[in-house]
Amino acid sequence: MAALPVTKMAAAGREATWAGRRAARGRDVTRARRAMLAAEVAGRARALVGRAGPRAMVAGLGNYGLRGTRHSVGMEVLDQLARQLAVAEGWRVDKRCCADVALATAHGLELLLLKPRRFMNLNGLSVASAAEIYSLGPQDIYLVHDDLDKALGKVAIKLGGSARGHNGVQSCISALQSNEMTRLRIGIGRPEGDVTVPDYVLSLFSAGEREKLEQILAQAVTCLLEHIQSRAPTEPGDRG
């Protein structure tokens, strides 16, 4: 085989060098893009999980497909809370815990708002899954639910304890293997006459009750936020 002239050999060498440099630059750009993308994803994850400060979960218990019933009043409180904290448009479905979730901040405390997309007696599965995903303990969780033993219009905070016959709370206790969760109890009163408890809690509020409900929801949110404020950080760097 005839040898290439020196000039052609030099040109071929330069072309190979340039090709190598272009390939190296391409790999560098690809690596840089991947690094930027990873940083962006990590940033979004940090923003979603909210690891910068103290956190708590507020779970509205109920039957997801039976909105407007007495038994699902906890979910109505969550909707009111989301509106008051200006995150009503922020609800999204988190399939990992089978729930609607939204992120909010109140008194410097980052909150995960949660509405299980399950029936009441399985709500605990969603609450426990979310607690694991967001690294929350039972002491970081508020359960908002209806209470037969309180008259309509009465709301109260309860610190831990038994489920008192409430299937949604019992589901949470069983799934979390703890009864330390704080409860916000929303009074719905007991049925009158021959109406059974199951029929009563699964029925819609009456027209008269519905007129009072807006004030009751506002009262419940105020009670909840006051309790949250009591555990919020007093200084920017205080994690509680």
# chains A, B, ... in the order shown; residues from 1 in each chain; ligands from 1
>>> closest_atom_pairs(of="stretch 126-181 of chain A", to="stretch 203-219 of chain A", cutoff="12 Å", atoms="only C-alpha atoms", output="tab-separated table")
residue	atom	partner	partner_atom	distance
A:Val144	CA	A:Leu217	CA	11.2
A:His145	CA	A:Leu217	CA	11.7
A:Asp146	CA	A:Leu217	CA	11.7
A:Ala151	CA	A:Ile216	CA	11.3
A:Leu152	CA	A:Glu209	CA	8.1
A:Gly153	CA	A:Ile216	CA	5.5
A:Lys154	CA	A:Ile216	CA	7.8
A:Val155	CA	A:Gln219	CA	7.5
A:Ala156	CA	A:Gln219	CA	10.0
>>> atom_distance(atom1="atom CA of A:Ala106", atom2="atom CA of A:Val73")
21.5 Å
>>> closest_residue(among="A:Cys172, A:Leu109, A:Leu148, A:Leu224", to="A:Leu78", atoms="only C-alpha atoms")
A:Leu224
>>> closest_residue(among="A:Met181, A:Val58, A:Thr69, A:Ala130", to="A:Val201", atoms="only C-alpha atoms")
A:Thr69
>>> select_by_dssp(residues="stretch 15-223 of chain A", states="strand (DSSP E or B)", output="ChimeraX atom specification")
/A:55-60,69,92-94,99-106,109-116,141-147,155-159,182-187,204
>>> write_last_selection(atoms="N, CA and C atoms", output="compact mmCIF listing (two decimals), in the first residue's frame")
# COMPACT_ATOMS: atom_id res chain seq x y z
N ARG A 55 -42.22 19.68 60.44
CA ARG A 55 -43.34 19.30 59.59
C ARG A 55 -44.40 18.59 60.40
N ALA A 56 -45.61 18.62 59.90
CA ALA A 56 -46.71 17.86 60.50
C ALA A 56 -47.67 17.48 59.39
N MET A 57 -48.43 16.43 59.63
CA MET A 57 -49.47 16.01 58.70
C MET A 57 -50.83 16.29 59.32
N VAL A 58 -51.73 16.82 58.51
CA VAL A 58 -53.12 16.98 58.93
C VAL A 58 -53.96 16.12 58.00
N ALA A 59 -54.58 15.08 58.55
CA ALA A 59 -55.35 14.13 57.74
C ALA A 59 -56.83 14.28 58.04
N GLY A 60 -57.61 14.55 57.01
CA GLY A 60 -59.06 14.62 57.15
C GLY A 60 -59.66 13.26 56.87
N THR A 69 -71.30 14.06 53.64
CA THR A 69 -71.96 13.32 54.71
C THR A 69 -71.34 13.70 56.06
N ARG A 92 -53.17 17.47 44.83
CA ARG A 92 -52.78 16.55 43.77
C ARG A 92 -52.91 15.12 44.31
N VAL A 93 -53.02 14.19 43.40
CA VAL A 93 -53.14 12.78 43.80
C VAL A 93 -51.74 12.20 43.99
N ASP A 94 -51.52 11.61 45.16
CA ASP A 94 -50.28 10.89 45.42
C ASP A 94 -50.62 9.40 45.47
N ALA A 99 -53.99 8.98 48.17
CA ALA A 99 -54.59 10.12 48.85
C ALA A 99 -54.42 11.39 48.02
N ASP A 100 -55.28 12.37 48.29
CA ASP A 100 -55.07 13.72 47.78
C ASP A 100 -54.18 14.43 48.79
N VAL A 101 -53.13 15.09 48.31
CA VAL A 101 -52.22 15.78 49.21
C VAL A 101 -51.98 17.21 48.73
N ALA A 102 -51.64 18.07 49.67
CA ALA A 102 -51.26 19.44 49.36
C ALA A 102 -50.27 19.88 50.42
N LEU A 103 -49.35 20.77 50.04
CA LEU A 103 -48.37 21.29 50.97
C LEU A 103 -48.74 22.72 51.34
N ALA A 104 -48.55 23.06 52.61
CA ALA A 104 -48.88 24.40 53.09
C ALA A 104 -47.94 24.76 54.23
N THR A 105 -47.97 26.01 54.63
CA THR A 105 -47.19 26.47 55.77
C THR A 105 -48.09 27.27 56.70
N ALA A 106 -47.99 26.99 57.99
CA ALA A 106 -48.76 27.73 58.98
C ALA A 106 -47.87 28.00 60.19
N LEU A 109 -44.51 26.39 60.29
CA LEU A 109 -44.47 24.93 60.28
C LEU A 109 -44.98 24.42 58.94
N GLU A 110 -44.17 23.61 58.27
CA GLU A 110 -44.61 23.03 57.00
C GLU A 110 -45.60 21.90 57.26
N LEU A 111 -46.72 21.96 56.53
CA LEU A 111 -47.79 20.99 56.74
C LEU A 111 -48.03 20.17 55.48
N LEU A 112 -48.29 18.90 55.68
CA LEU A 112 -48.79 18.03 54.62
C LEU A 112 -50.28 17.83 54.88
N LEU A 113 -51.12 18.33 54.00
CA LEU A 113 -52.56 18.12 54.11
C LEU A 113 -52.91 16.86 53.33
N LEU A 114 -53.75 16.01 53.91
CA LEU A 114 -54.01 14.71 53.29
C LEU A 114 -55.47 14.32 53.43
N LYS A 115 -56.05 13.85 52.32
CA LYS A 115 -57.40 13.28 52.30
C LYS A 115 -57.31 11.89 51.67
N PRO A 116 -57.44 10.83 52.48
CA PRO A 116 -57.34 9.47 51.94
C PRO A 116 -58.39 9.20 50.86
N ILE A 141 -48.72 13.89 63.64
CA ILE A 141 -49.93 13.71 62.83
C ILE A 141 -51.17 14.21 63.57
N TYR A 142 -51.99 14.99 62.85
CA TYR A 142 -53.31 15.40 63.32
C TYR A 142 -54.36 14.61 62.54
N LEU A 143 -55.31 14.03 63.25
CA LEU A 143 -56.44 13.36 62.62
C LEU A 143 -57.68 14.23 62.85
N VAL A 144 -58.34 14.61 61.78
CA VAL A 144 -59.55 15.43 61.87
C VAL A 144 -60.74 14.55 61.54
N HIS A 145 -61.69 14.43 62.46
CA HIS A 145 -62.78 13.47 62.23
C HIS A 145 -64.04 13.88 62.97
N ASP A 146 -65.15 13.26 62.58
CA ASP A 146 -66.45 13.49 63.21
C ASP A 146 -66.51 12.82 64.58
N ASP A 147 -67.39 13.35 65.45
CA ASP A 147 -67.54 12.79 66.79
C ASP A 147 -69.01 12.79 67.19
N VAL A 155 -66.20 21.66 68.80
CA VAL A 155 -64.94 21.11 68.30
C VAL A 155 -63.95 21.07 69.46
N ALA A 156 -63.06 20.10 69.44
CA ALA A 156 -62.10 19.97 70.54
C ALA A 156 -60.87 19.20 70.08
N ILE A 157 -59.76 19.54 70.69
CA ILE A 157 -58.50 18.82 70.47
C ILE A 157 -58.40 17.71 71.51
N LYS A 158 -57.98 16.54 71.06
CA LYS A 158 -57.73 15.41 71.97
C LYS A 158 -56.33 14.91 71.71
N LEU A 159 -55.56 14.76 72.76
CA LEU A 159 -54.17 14.33 72.63
C LEU A 159 -54.07 12.82 72.83
N THR A 182 -52.59 13.38 67.49
CA THR A 182 -53.51 14.40 68.00
C THR A 182 -54.79 14.37 67.18
N ARG A 183 -55.95 14.48 67.83
CA ARG A 183 -57.23 14.45 67.11
C ARG A 183 -57.91 15.80 67.20
N LEU A 184 -58.49 16.22 66.13
CA LEU A 184 -59.41 17.36 66.13
C LEU A 184 -60.80 16.77 65.92
N ARG A 185 -61.62 16.80 66.96
CA ARG A 185 -62.93 16.15 66.95
C ARG A 185 -64.00 17.18 66.59
N ILE A 186 -64.79 16.85 65.57
CA ILE A 186 -65.84 17.73 65.09
C ILE A 186 -67.18 17.13 65.48
N GLY A 187 -67.91 17.79 66.38
CA GLY A 187 -69.17 17.25 66.85
C GLY A 187 -70.24 17.19 65.77
N LEU A 204 -76.41 12.87 54.48
CA LEU A 204 -75.99 14.25 54.30
C LEU A 204 -76.46 15.10 55.47
>>> residues_around(residues="A:Gly62", least_positions_apart="5", cutoff="10 Å", atoms="only C-alpha atoms", output="PDB file with N, CA, C and O atoms, in the first residue's frame")
ATOM      1  N   ARG A  67     -68.684  12.481  49.878  1.00  0.00           N
ATOM      2  CA  ARG A  67     -68.493  13.850  50.360  1.00  0.00           C
ATOM      3  C   ARG A  67     -69.829  14.439  50.785  1.00  0.00           C
ATOM      4  O   ARG A  67     -70.876  14.119  50.236  1.00  0.00           O
ATOM      5  N   GLY A  68     -69.783  15.331  51.761  1.00  0.00           N
ATOM      6  CA  GLY A  68     -70.984  16.016  52.206  1.00  0.00           C
ATOM      7  C   GLY A  68     -71.747  15.280  53.290  1.00  0.00           C
ATOM      8  O   GLY A  68     -72.726  15.810  53.824  1.00  0.00           O
ATOM      9  N   THR A  69     -71.302  14.063  53.638  1.00  0.00           N
ATOM     10  CA  THR A  69     -71.956  13.321  54.714  1.00  0.00           C
ATOM     11  C   THR A  69     -71.337  13.697  56.057  1.00  0.00           C
ATOM     12  O   THR A  69     -70.236  14.242  56.127  1.00  0.00           O
ATOM     13  N   ARG A  70     -72.059  13.390  57.121  1.00  0.00           N
ATOM     14  CA  ARG A  70     -71.561  13.707  58.465  1.00  0.00           C
ATOM     15  C   ARG A  70     -70.234  12.989  58.745  1.00  0.00           C
ATOM     16  O   ARG A  70     -69.341  13.549  59.376  1.00  0.00           O
ATOM     17  N   HIS A  71     -70.120  11.761  58.279  1.00  0.00           N
ATOM     18  CA  HIS A  71     -68.924  10.963  58.562  1.00  0.00           C
ATOM     19  C   HIS A  71     -67.680  11.514  57.858  1.00  0.00           C
ATOM     20  O   HIS A  71     -66.559  11.218  58.275  1.00  0.00           O
ATOM     21  N   SER A  72     -67.876  12.302  56.813  1.00  0.00           N
ATOM     22  CA  SER A  72     -66.738  12.843  56.053  1.00  0.00           C
ATOM     23  C   SER A  72     -66.490  14.319  56.343  1.00  0.00           C
ATOM     24  O   SER A  72     -65.812  14.994  55.572  1.00  0.00           O
ATOM     25  N   VAL A  73     -66.997  14.806  57.472  1.00  0.00           N
ATOM     26  CA  VAL A  73     -66.825  16.226  57.784  1.00  0.00           C
ATOM     27  C   VAL A  73     -65.343  16.579  57.969  1.00  0.00           C
ATOM     28  O   VAL A  73     -64.936  17.716  57.740  1.00  0.00           O
ATOM     29  N   GLY A  74     -64.528  15.594  58.352  1.00  0.00           N
ATOM     30  CA  GLY A  74     -63.086  15.849  58.485  1.00  0.00           C
ATOM     31  C   GLY A  74     -62.469  16.308  57.184  1.00  0.00           C
ATOM     32  O   GLY A  74     -61.576  17.163  57.159  1.00  0.00           O
ATOM     33  N   MET A  75     -62.944  15.763  56.062  1.00  0.00           N
ATOM     34  CA  MET A  75     -62.429  16.167  54.751  1.00  0.00           C
ATOM     35  C   MET A  75     -62.877  17.585  54.402  1.00  0.00           C
ATOM     36  O   MET A  75     -62.142  18.334  53.744  1.00  0.00           O
ATOM     37  N   GLU A  76     -64.081  17.960  54.857  1.00  0.00           N
ATOM     38  CA  GLU A  76     -64.538  19.328  54.610  1.00  0.00           C
ATOM     39  C   GLU A  76     -63.689  20.326  55.393  1.00  0.00           C
ATOM     40  O   GLU A  76     -63.430  21.435  54.926  1.00  0.00           O
ATOM     41  N   LYS A 115     -56.051  13.846  52.316  1.00  0.00           N
ATOM     42  CA  LYS A 115     -57.401  13.283  52.299  1.00  0.00           C
ATOM     43  C   LYS A 115     -57.312  11.887  51.672  1.00  0.00           C
ATOM     44  O   LYS A 115     -57.092  11.758  50.468  1.00  0.00           O
ATOM     45  N   PRO A 116     -57.442  10.833  52.483  1.00  0.00           N
ATOM     46  CA  PRO A 116     -57.338   9.468  51.939  1.00  0.00           C
ATOM     47  C   PRO A 116     -58.387   9.203  50.863  1.00  0.00           C
ATOM     48  O   PRO A 116     -59.542   9.614  51.000  1.00  0.00           O
ATOM     49  N   ARG A 117     -57.985   8.534  49.814  1.00  0.00           N
ATOM     50  CA  ARG A 117     -58.911   8.153  48.738  1.00  0.00           C
ATOM     51  C   ARG A 117     -59.404   6.724  48.989  1.00  0.00           C
ATOM     52  O   ARG A 117     -59.435   5.892  48.076  1.00  0.00           O
ATOM     53  N   ARG A 118     -59.772   6.454  50.222  1.00  0.00           N
ATOM     54  CA  ARG A 118     -60.242   5.131  50.633  1.00  0.00           C
ATOM     55  C   ARG A 118     -61.478   5.296  51.512  1.00  0.00           C
ATOM     56  O   ARG A 118     -61.800   6.401  51.956  1.00  0.00           O
ATOM     57  N   PHE A 119     -62.135   4.155  51.801  1.00  0.00           N
ATOM     58  CA  PHE A 119     -63.234   4.191  52.755  1.00  0.00           C
ATOM     59  C   PHE A 119     -62.682   4.416  54.161  1.00  0.00           C
ATOM     60  O   PHE A 119     -61.517   4.164  54.448  1.00  0.00           O
ATOM     61  N   MET A 120     -63.570   4.891  55.034  1.00  0.00           N
ATOM     62  CA  MET A 120     -63.160   5.295  56.376  1.00  0.00           C
ATOM     63  C   MET A 120     -62.350   4.230  57.100  1.00  0.00           C
ATOM     64  O   MET A 120     -61.307   4.522  57.694  1.00  0.00           O
ATOM     65  N   ASN A 121     -62.825   2.980  57.065  1.00  0.00           N
ATOM     66  CA  ASN A 121     -62.153   1.944  57.854  1.00  0.00           C
ATOM     67  C   ASN A 121     -60.801   1.527  57.273  1.00  0.00           C
ATOM     68  O   ASN A 121     -60.124   0.670  57.853  1.00  0.00           O
ATOM     69  N   LEU A 122     -60.403   2.148  56.147  1.00  0.00           N
ATOM     70  CA  LEU A 122     -59.076   1.895  55.560  1.00  0.00           C
ATOM     71  C   LEU A 122     -58.244   3.176  55.482  1.00  0.00           C
ATOM     72  O   LEU A 122     -57.157   3.168  54.908  1.00  0.00           O
ATOM     73  N   ASN A 123     -58.741   4.260  56.053  1.00  0.00           N
ATOM     74  CA  ASN A 123     -58.010   5.533  56.017  1.00  0.00           C
ATOM     75  C   ASN A 123     -56.588   5.410  56.563  1.00  0.00           C
ATOM     76  O   ASN A 123     -55.658   6.066  56.092  1.00  0.00           O
ATOM     77  N   VAL A 144     -58.342  14.610  61.776  1.00  0.00           N
ATOM     78  CA  VAL A 144     -59.548  15.431  61.869  1.00  0.00           C
ATOM     79  C   VAL A 144     -60.740  14.547  61.536  1.00  0.00           C
ATOM     80  O   VAL A 144     -60.801  13.970  60.439  1.00  0.00           O
ATOM     81  N   HIS A 145     -61.691  14.432  62.457  1.00  0.00           N
ATOM     82  CA  HIS A 145     -62.778  13.470  62.235  1.00  0.00           C
ATOM     83  C   HIS A 145     -64.044  13.881  62.970  1.00  0.00           C
ATOM     84  O   HIS A 145     -64.034  14.724  63.879  1.00  0.00           O
ATOM     85  N   ASP A 146     -65.146  13.262  62.581  1.00  0.00           N
ATOM     86  CA  ASP A 146     -66.447  13.490  63.210  1.00  0.00           C
ATOM     87  C   ASP A 146     -66.508  12.824  64.577  1.00  0.00           C
ATOM     88  O   ASP A 146     -65.777  11.861  64.846  1.00  0.00           O
ATOM     89  N   ASN A 167     -64.134   4.154  63.558  1.00  0.00           N
ATOM     90  CA  ASN A 167     -63.426   3.205  62.691  1.00  0.00           C
ATOM     91  C   ASN A 167     -62.239   3.833  61.968  1.00  0.00           C
ATOM     92  O   ASN A 167     -61.220   3.167  61.748  1.00  0.00           O
ATOM     93  N   GLY A 168     -62.352   5.081  61.570  1.00  0.00           N
ATOM     94  CA  GLY A 168     -61.247   5.735  60.874  1.00  0.00           C
ATOM     95  C   GLY A 168     -60.055   5.936  61.788  1.00  0.00           C
ATOM     96  O   GLY A 168     -58.903   5.693  61.401  1.00  0.00           O
ATOM     97  N   LEU A 202     -73.739   8.287  57.662  1.00  0.00           N
ATOM     98  CA  LEU A 202     -73.553   8.199  56.214  1.00  0.00           C
ATOM     99  C   LEU A 202     -74.560   9.048  55.428  1.00  0.00           C
ATOM    100  O   LEU A 202     -74.556   9.038  54.198  1.00  0.00           O
TER     101      LEU A 202
END
>>> closest_residue(among="A:Arg231, A:Cys97, A:Glu226, A:Ser171", to="A:Ala131", atoms="only C-alpha atoms")
A:Cys97
>>> closest_residue(among="A:Val221, A:Ile188, A:Gly161, A:Lys150", to="A:Tyr200", atoms="only C-alpha atoms")
A:Ile188
>>> decode(residues="stretch 79-152 of chain A", atoms="C-alpha atoms", output="mmCIF file, in the first residue's frame")
data_model
loop_
_atom_site.group_PDB
_atom_site.id
_atom_site.type_symbol
_atom_site.label_atom_id
_atom_site.label_comp_id
_atom_site.auth_asym_id
_atom_site.auth_seq_id
_atom_site.Cartn_x
_atom_site.Cartn_y
_atom_site.Cartn_z
ATOM 1 C CA ASP A 79 -60.827 21.795 52.258
ATOM 2 C CA GLN A 80 -61.524 24.820 54.469
ATOM 3 C CA LEU A 81 -57.973 24.682 55.844
ATOM 4 C CA ALA A 82 -56.530 24.557 52.317
ATOM 5 C CA ARG A 83 -58.572 27.609 51.319
ATOM 6 C CA GLN A 84 -57.466 29.545 54.384
ATOM 7 C CA LEU A 85 -53.792 28.669 53.767
ATOM 8 C CA ALA A 86 -54.154 29.605 50.067
ATOM 9 C CA VAL A 87 -53.365 26.116 48.730
ATOM 10 C CA ALA A 88 -56.860 25.120 47.576
ATOM 11 C CA GLU A 89 -55.522 24.821 44.021
ATOM 12 C CA GLY A 90 -52.556 22.755 45.176
ATOM 13 C CA TRP A 91 -54.269 19.410 45.754
ATOM 14 C CA ARG A 92 -52.776 16.546 43.768
ATOM 15 C CA VAL A 93 -53.141 12.779 43.797
ATOM 16 C CA ASP A 94 -50.276 10.891 45.422
ATOM 17 C CA LYS A 95 -50.682 7.302 44.260
ATOM 18 C CA ARG A 96 -47.987 6.124 46.652
ATOM 19 C CA CYS A 97 -50.317 6.661 49.597
ATOM 20 C CA CYS A 98 -53.641 6.631 47.730
ATOM 21 C CA ALA A 99 -54.591 10.125 48.855
ATOM 22 C CA ASP A 100 -55.070 13.716 47.780
ATOM 23 C CA VAL A 101 -52.216 15.783 49.212
ATOM 24 C CA ALA A 102 -51.260 19.442 49.360
ATOM 25 C CA LEU A 103 -48.370 21.293 50.974
ATOM 26 C CA ALA A 104 -48.880 24.400 53.086
ATOM 27 C CA THR A 105 -47.189 26.475 55.771
ATOM 28 C CA ALA A 106 -48.759 27.732 58.985
ATOM 29 C CA HIS A 107 -46.920 29.658 61.702
ATOM 30 C CA GLY A 108 -43.573 28.617 60.199
ATOM 31 C CA LEU A 109 -44.469 24.930 60.278
ATOM 32 C CA GLU A 110 -44.606 23.031 57.000
ATOM 33 C CA LEU A 111 -47.790 20.991 56.736
ATOM 34 C CA LEU A 112 -48.787 18.026 54.622
ATOM 35 C CA LEU A 113 -52.558 18.120 54.112
ATOM 36 C CA LEU A 114 -54.011 14.710 53.294
ATOM 37 C CA LYS A 115 -57.401 13.283 52.299
ATOM 38 C CA PRO A 116 -57.338 9.468 51.939
ATOM 39 C CA ARG A 117 -58.911 8.153 48.738
ATOM 40 C CA ARG A 118 -60.242 5.131 50.633
ATOM 41 C CA PHE A 119 -63.234 4.191 52.755
ATOM 42 C CA MET A 120 -63.160 5.295 56.376
ATOM 43 C CA ASN A 121 -62.153 1.944 57.854
ATOM 44 C CA LEU A 122 -59.076 1.895 55.560
ATOM 45 C CA ASN A 123 -58.010 5.533 56.017
ATOM 46 C CA GLY A 124 -55.129 4.417 58.210
ATOM 47 C CA LEU A 125 -53.383 2.736 55.273
ATOM 48 C CA SER A 126 -53.096 6.084 53.495
ATOM 49 C CA VAL A 127 -52.041 7.940 56.644
ATOM 50 C CA ALA A 128 -49.363 5.359 57.508
ATOM 51 C CA SER A 129 -48.005 5.271 53.950
ATOM 52 C CA ALA A 130 -47.757 9.063 53.852
ATOM 53 C CA ALA A 131 -46.057 9.088 57.250
ATOM 54 C CA GLU A 132 -43.402 6.707 55.920
ATOM 55 C CA ILE A 133 -42.937 8.620 52.656
ATOM 56 C CA TYR A 134 -42.560 11.986 54.379
ATOM 57 C CA SER A 135 -40.649 10.684 57.425
ATOM 58 C CA LEU A 136 -43.296 11.682 59.970
ATOM 59 C CA GLY A 137 -43.950 10.036 63.312
ATOM 60 C CA PRO A 138 -47.321 9.522 65.039
ATOM 61 C CA GLN A 139 -46.621 12.579 67.210
ATOM 62 C CA ASP A 140 -46.441 14.691 64.008
ATOM 63 C CA ILE A 141 -49.928 13.712 62.832
ATOM 64 C CA TYR A 142 -53.306 15.397 63.324
ATOM 65 C CA LEU A 143 -56.444 13.361 62.620
ATOM 66 C CA VAL A 144 -59.548 15.431 61.869
ATOM 67 C CA HIS A 145 -62.778 13.470 62.235
ATOM 68 C CA ASP A 146 -66.447 13.490 63.210
ATOM 69 C CA ASP A 147 -67.536 12.789 66.791
ATOM 70 C CA LEU A 148 -70.954 11.438 67.756
ATOM 71 C CA ASP A 149 -70.455 12.280 71.420
ATOM 72 C CA LYS A 150 -70.184 16.008 70.781
ATOM 73 C CA ALA A 151 -73.074 18.210 69.736
ATOM 74 C CA LEU A 152 -73.048 19.803 66.318
#
